[in-house]
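**Q** The following file, query-v8.csv, comprises CSV, N, CA and C atoms:
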chain,number,residue,atom,x,y,z
A,1,ARG,N,67.6,-16.7,-8.9
A,1,ARG,CA,67.6,-15.5,-9.6
A,1,ARG,C,66.3,-15.3,-10.3
A,2,TYR,N,65.7,-14.2,-10.3
A,2,TYR,CA,64.5,-13.9,-11.0
A,2,TYR,C,64.7,-13.6,-12.5
A,3,PRO,N,63.7,-13.8,-13.3
A,3,PRO,CA,63.8,-13.6,-14.8
A,3,PRO,C,64.0,-12.1,-15.0
A,4,LEU,N,64.7,-11.7,-16.1
A,4,LEU,CA,64.9,-10.3,-16.5
A,4,LEU,C,63.7,-9.8,-17.3
A,5,LYS,N,63.7,-8.5,-17.4
A,5,LYS,CA,62.6,-7.8,-18.1
A,5,LYS,C,62.6,-8.2,-19.6
A,6,VAL,N,61.4,-8.4,-20.2
A,6,VAL,CA,61.3,-8.7,-21.6
A,6,VAL,C,60.4,-7.7,-22.3
A,7,THR,N,60.9,-7.2,-23.5
A,7,THR,CA,60.1,-6.3,-24.2
A,7,THR,C,59.6,-6.9,-25.5
A,8,ARG,N,58.7,-6.3,-26.2
A,8,ARG,CA,58.1,-6.8,-27.4
A,8,ARG,C,59.1,-6.9,-28.6
A,9,SER,N,60.1,-6.0,-28.6
A,9,SER,CA,61.0,-5.9,-29.7
A,9,SER,C,62.1,-7.0,-29.7
A,10,MET,N,62.2,-7.8,-28.6
A,10,MET,CA,63.2,-8.8,-28.5
A,10,MET,C,62.9,-10.0,-29.3
A,11,ASP,N,63.9,-10.7,-29.8
A,11,ASP,CA,63.6,-11.9,-30.6
A,11,ASP,C,63.4,-13.1,-29.6
A,12,LYS,N,63.0,-14.2,-30.2
A,12,LYS,CA,62.7,-15.4,-29.3
A,12,LYS,C,63.9,-15.9,-28.5
A,13,LYS,N,65.0,-15.9,-29.1
A,13,LYS,CA,66.2,-16.4,-28.5
A,13,LYS,C,66.6,-15.5,-27.2
A,14,LYS,N,66.4,-14.2,-27.3
A,14,LYS,CA,66.7,-13.3,-26.2
A,14,LYS,C,65.6,-13.5,-25.1
A,15,VAL,N,64.4,-13.6,-25.6
A,15,VAL,CA,63.3,-13.8,-24.6
A,15,VAL,C,63.5,-15.1,-23.8
A,16,ALA,N,63.9,-16.2,-24.5
A,16,ALA,CA,64.1,-17.4,-23.8
A,16,ALA,C,65.3,-17.3,-22.8
A,17,ALA,N,66.3,-16.6,-23.2
A,17,ALA,CA,67.5,-16.4,-22.3
A,17,ALA,C,67.1,-15.6,-21.1
A,18,ARG,N,66.3,-14.6,-21.3
A,18,ARG,CA,65.9,-13.7,-20.2
A,18,ARG,C,64.8,-14.3,-19.3
A,19,SER,N,64.1,-15.3,-19.8
A,19,SER,CA,63.1,-15.9,-19.0
A,19,SER,C,63.6,-17.1,-18.1
A,20,ARG,N,64.9,-17.3,-18.1
A,20,ARG,CA,65.5,-18.4,-17.3
A,20,ARG,C,65.4,-18.0,-15.8
A,21,VAL,N,65.2,-19.0,-15.0
A,21,VAL,CA,65.2,-18.9,-13.6
A,21,VAL,C,66.4,-19.7,-13.0
A,22,LYS,N,67.1,-19.2,-12.1
A,22,LYS,CA,68.3,-19.9,-11.5
A,22,LYS,C,67.9,-20.2,-10.0
A,23,PRO,N,67.5,-21.4,-9.8
A,23,PRO,CA,67.1,-21.8,-8.4
A,23,PRO,C,68.3,-22.3,-7.6
A,24,PHE,N,68.1,-22.3,-6.3
A,24,PHE,CA,69.1,-23.0,-5.4
A,24,PHE,C,68.3,-23.9,-4.5
A,25,VAL,N,69.0,-24.9,-4.0
A,25,VAL,CA,68.3,-25.9,-3.1
A,25,VAL,C,69.1,-25.8,-1.7
A,26,LYS,N,68.3,-25.6,-0.7
A,26,LYS,CA,68.9,-25.5,0.6
A,26,LYS,C,68.0,-26.1,1.7
A,27,VAL,N,68.6,-26.7,2.7
A,27,VAL,CA,67.8,-27.2,3.9
A,27,VAL,C,67.5,-26.1,4.8
A,28,VAL,N,66.2,-25.9,5.1
A,28,VAL,CA,65.7,-24.8,6.0
A,28,VAL,C,64.9,-25.4,7.1
A,29,ASN,N,65.0,-24.8,8.3
A,29,ASN,CA,64.2,-25.2,9.4
A,29,ASN,C,62.9,-24.4,9.3
A,30,TYR,N,61.8,-25.2,9.2
A,30,TYR,CA,60.5,-24.5,9.0
A,30,TYR,C,60.1,-23.6,10.2
A,31,ALA,N,60.7,-23.8,11.4
A,31,ALA,CA,60.3,-23.0,12.5
A,31,ALA,C,60.9,-21.6,12.4
A,32,HIS,N,61.9,-21.4,11.5
A,32,HIS,CA,62.5,-20.1,11.3
A,32,HIS,C,61.9,-19.3,10.2
A,33,LEU,N,60.8,-19.8,9.5
A,33,LEU,CA,60.2,-19.1,8.4
A,33,LEU,C,59.1,-18.2,9.0
A,34,MET,N,59.0,-17.0,8.4
A,34,MET,CA,58.0,-16.0,8.8
A,34,MET,C,56.8,-16.2,7.9
A,35,PRO,N,55.6,-16.3,8.4
A,35,PRO,CA,54.4,-16.4,7.6
A,35,PRO,C,54.1,-15.0,7.0
A,36,THR,N,53.6,-15.0,5.7
A,36,THR,CA,53.3,-13.8,5.0
A,36,THR,C,51.9,-13.9,4.4
A,37,ARG,N,51.4,-12.9,3.8
A,37,ARG,CA,50.1,-13.0,3.2
A,37,ARG,C,50.2,-13.7,1.8
A,38,TYR,N,51.4,-13.9,1.3
A,38,TYR,CA,51.5,-14.6,0.0
A,38,TYR,C,51.5,-16.1,0.2
A,39,THR,N,51.0,-16.8,-0.8
A,39,THR,CA,51.0,-18.2,-0.8
A,39,THR,C,51.5,-18.7,-2.1
A,40,LEU,N,52.1,-19.9,-2.1
A,40,LEU,CA,52.7,-20.5,-3.3
A,40,LEU,C,52.5,-22.0,-3.2
A,41,GLU,N,52.0,-22.6,-4.3
A,41,GLU,CA,51.8,-24.0,-4.3
A,41,GLU,C,53.2,-24.7,-4.4
A,42,LEU,N,53.5,-25.6,-3.4
A,42,LEU,CA,54.8,-26.2,-3.4
A,42,LEU,C,54.8,-27.7,-3.6
A,43,GLU,N,53.7,-28.3,-4.0
A,43,GLU,CA,53.6,-29.7,-4.0
A,43,GLU,C,54.6,-30.3,-5.0
A,44,ASP,N,54.7,-29.7,-6.2
A,44,ASP,CA,55.7,-30.3,-7.2
A,44,ASP,C,57.1,-30.0,-6.8
A,45,ILE,N,57.4,-29.0,-6.2
A,45,ILE,CA,58.8,-28.7,-5.7
A,45,ILE,C,59.1,-29.6,-4.5
A,46,LYS,N,58.2,-29.8,-3.6
A,46,LYS,CA,58.4,-30.7,-2.5
A,46,LYS,C,58.7,-32.1,-2.9
A,47,ALA,N,58.0,-32.5,-4.0
A,47,ALA,CA,58.2,-33.9,-4.5
A,47,ALA,C,59.6,-34.1,-5.1
A,48,ALA,N,60.1,-33.0,-5.7
A,48,ALA,CA,61.4,-33.1,-6.4
A,48,ALA,C,62.6,-33.0,-5.4
A,49,VAL,N,62.4,-32.2,-4.3
A,49,VAL,CA,63.4,-32.0,-3.3
A,49,VAL,C,63.1,-32.7,-2.0
A,50,THR,N,63.9,-33.7,-1.7
A,50,THR,CA,63.7,-34.4,-0.4
A,50,THR,C,65.0,-34.4,0.3
A,51,ALA,N,65.0,-34.9,1.6
A,51,ALA,CA,66.3,-34.9,2.3
A,51,ALA,C,67.3,-35.9,1.7
A,52,GLU,N,66.8,-36.9,1.1
A,52,GLU,CA,67.7,-37.9,0.5
A,52,GLU,C,68.3,-37.3,-0.8
A,53,SER,N,67.5,-36.5,-1.5
A,53,SER,CA,68.1,-35.9,-2.8
A,53,SER,C,69.1,-34.9,-2.6
A,54,LEU,N,69.3,-34.4,-1.3
A,54,LEU,CA,70.4,-33.4,-1.0
A,54,LEU,C,71.7,-34.1,-0.6
A,55,GLN,N,71.7,-35.4,-0.5
A,55,GLN,CA,72.9,-36.0,0.0
A,55,GLN,C,74.0,-36.1,-1.0
A,56,GLU,N,73.7,-36.5,-2.2
A,56,GLU,CA,74.8,-36.6,-3.3
A,56,GLU,C,74.7,-35.5,-4.2
A,57,PRO,N,75.8,-35.0,-4.8
A,57,PRO,CA,75.8,-33.9,-5.7
A,57,PRO,C,75.0,-34.1,-7.0
A,58,SER,N,75.1,-35.4,-7.5
A,58,SER,CA,74.3,-35.7,-8.7
A,58,SER,C,72.8,-35.6,-8.5
A,59,GLN,N,72.4,-36.1,-7.4
A,59,GLN,CA,70.9,-36.0,-7.0
A,59,GLN,C,70.5,-34.5,-6.8
A,60,ARG,N,71.5,-33.7,-6.2
A,60,ARG,CA,71.2,-32.3,-5.9
A,60,ARG,C,71.0,-31.6,-7.2
A,61,THR,N,71.8,-31.8,-8.2
A,61,THR,CA,71.7,-31.1,-9.5
A,61,THR,C,70.4,-31.6,-10.2
A,62,ALA,N,70.0,-32.8,-10.1
A,62,ALA,CA,68.7,-33.3,-10.7
A,62,ALA,C,67.6,-32.6,-10.0
A,63,ALA,N,67.6,-32.4,-8.7
A,63,ALA,CA,66.6,-31.7,-8.0
A,63,ALA,C,66.5,-30.2,-8.4
A,64,LYS,N,67.7,-29.6,-8.6
A,64,LYS,CA,67.7,-28.2,-9.1
A,64,LYS,C,67.1,-28.1,-10.4
A,65,LYS,N,67.3,-29.0,-11.3
A,65,LYS,CA,66.8,-29.0,-12.7
A,65,LYS,C,65.3,-29.2,-12.6
A,66,ALA,N,64.8,-30.0,-11.8
A,66,ALA,CA,63.3,-30.2,-11.6
A,66,ALA,C,62.7,-29.0,-11.1
A,67,VAL,N,63.3,-28.3,-10.1
A,67,VAL,CA,62.7,-27.1,-9.6
A,67,VAL,C,62.7,-26.0,-10.6
A,68,ARG,N,63.8,-25.9,-11.3
A,68,ARG,CA,63.9,-24.9,-12.4
A,68,ARG,C,62.9,-25.1,-13.5
A,69,ALA,N,62.6,-26.3,-13.9
A,69,ALA,CA,61.6,-26.6,-14.9
A,69,ALA,C,60.2,-26.2,-14.4
A,70,SER,N,60.0,-26.5,-13.1
A,70,SER,CA,58.7,-26.2,-12.5
A,70,SER,C,58.5,-24.7,-12.4
A,71,LEU,N,59.5,-24.0,-12.0
A,71,LEU,CA,59.4,-22.5,-11.8
A,71,LEU,C,59.3,-21.8,-13.1
A,72,GLU,N,60.1,-22.3,-14.1
A,72,GLU,CA,60.0,-21.6,-15.5
A,72,GLU,C,58.6,-21.9,-16.1
A,73,LYS,N,58.0,-23.0,-15.9
A,73,LYS,CA,56.7,-23.3,-16.4
A,73,LYS,C,55.7,-22.4,-15.8
A,74,ARG,N,55.8,-22.2,-14.5
A,74,ARG,CA,54.9,-21.3,-13.7
A,74,ARG,C,55.1,-19.9,-14.2
A,75,TYR,N,56.3,-19.4,-14.5
A,75,TYR,CA,56.6,-18.1,-14.9
A,75,TYR,C,56.0,-17.8,-16.3
A,76,LEU,N,56.2,-18.8,-17.2
A,76,LEU,CA,55.7,-18.6,-18.5
A,76,LEU,C,54.2,-18.6,-18.6
A,77,THR,N,53.5,-19.3,-17.7
A,77,THR,CA,52.1,-19.3,-17.7
A,77,THR,C,51.5,-18.1,-17.0
A,78,GLY,N,52.3,-17.3,-16.3
A,78,GLY,CA,51.8,-16.1,-15.7
A,78,GLY,C,51.3,-16.3,-14.3
A,79,LYS,N,51.5,-17.4,-13.6
A,79,LYS,CA,51.1,-17.6,-12.2
A,79,LYS,C,52.1,-17.0,-11.3
A,80,ASN,N,51.6,-16.5,-10.1
A,80,ASN,CA,52.4,-16.0,-9.1
A,80,ASN,C,53.4,-14.9,-9.6
A,81,LYS,N,52.9,-13.9,-10.2
A,81,LYS,CA,53.8,-12.8,-10.7
A,81,LYS,C,54.6,-12.2,-9.6
A,82,TRP,N,54.1,-12.1,-8.4
A,82,TRP,CA,54.9,-11.4,-7.3
A,82,TRP,C,56.1,-12.2,-7.0
A,83,PHE,N,56.1,-13.5,-7.3
A,83,PHE,CA,57.3,-14.4,-6.9
A,83,PHE,C,58.5,-14.1,-7.8
A,84,PHE,N,58.2,-13.7,-9.0
A,84,PHE,CA,59.3,-13.5,-10.0
A,84,PHE,C,59.7,-12.1,-10.2
A,85,THR,N,59.5,-11.3,-9.2
A,85,THR,CA,59.9,-9.9,-9.3
A,85,THR,C,61.2,-9.7,-8.4
A,86,LYS,N,61.9,-8.6,-8.7
A,86,LYS,CA,63.1,-8.3,-7.9
A,86,LYS,C,62.7,-7.9,-6.5
A,87,LEU,N,63.5,-8.4,-5.5
A,87,LEU,CA,63.2,-8.1,-4.1
A,87,LEU,C,63.6,-6.6,-3.9
A,88,ARG,N,62.7,-5.9,-3.2
A,88,ARG,CA,62.9,-4.5,-2.9
A,88,ARG,C,63.0,-4.3,-1.4
A,89,PHE,N,64.1,-3.8,-1.0
A,89,PHE,CA,64.3,-3.6,0.4
A,89,PHE,C,64.3,-2.1,0.8
Would it be possible to restate this file's structure as structure tokens?
**A**
Amino acid sequence: RYPLKVTRSMDKKKVAARSRVKPFVKVVNYAHLMPTRYTLELEDIKAAVTAESLQEPSQRTAAKKAVRASLEKRYLTGKNKWFFTKLRF
């Protein structure tokens, strides 16, 4: 889930709650992905999520937490703004 809109009048607690990212971890066949003009650095996410980390539920939650921390850090620094916007179909 993408972060919600934040305004200047909101307090720090509300900004922190709205800046949360809710990731999911899923096994995907790379042959089924469509190339786009957008790029995203995935080294830190690929290091956290491996095939072995998806076998047990406890390792899966640890991988989700690592991905969440990485994405939230990237959101708060302002990198890849297009990635954190609502999908428009």
**Q** Go through A:Ala66, A:Tyr38, A:Glu72, A:Ser58 and flag the residue nearest Arg20 in chain A, using all atoms listed in the file for the distances.
**A**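 Counting all atoms listed in the file, the residue closest to Arg20 in chain A is A:Glu72.
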**Q** Using DSSP secondary structure from the backbone, list all alpha helix (DSSP H) positions within chain A, as a PyMOL selection string.
**A** chain A and resi 12-18+43-48+57-77
**Q** Mind pulling up the distance from atom C of Glu41 in chain A to atom N of Arg88 in chain A?
**A**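 These atoms are spaced 21.1 Å apart.
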**Q** Could you tell me how far atom N of Phe84 in chain A sits from atom N of His32 in chain A, in Å to one decimal place?
**A**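 Rounded to one decimal, the two atoms are 22.2 Å apart.
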**Q** Set the distance at 12 Å and use only C-alpha atoms: which residues neighbour Tyr75 in chain A once local chain neighbours fewer than 3 positions away are removed? I'd like the list as a list in words.
**A**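 Residues meeting the cut-off are Tyr2, Pro3, Leu4, Ala16, Arg18, Ser19, Arg20, Val21, Arg68, Ala69, Ser70, Leu71, Glu72, Gly78, Lys79, Asn80, Lys81, Trp82, Phe83, Phe84 and Thr85 of chain A.
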**Q** With distances taken over only C-alpha atoms, which residue among A:Leu76, A:Leu40, A:Leu33, A:Val25 lies nearest Ala62 in chain A?
**A** A:Val25
**Q** One decimal, Å: what's the distance from atom C of Pro23 in chain A over to atom C of Met10 in chain A, could you say?
**A**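 The value is 25.5 Å.
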**Q** Compare A:Ser9, A:Gln55, A:Thr39, A:Thr61 by their minimum atom-to-atom distance to Phe24 in chain A, counting only C-alpha atoms, and give me the closest one.
**A** A:Thr61
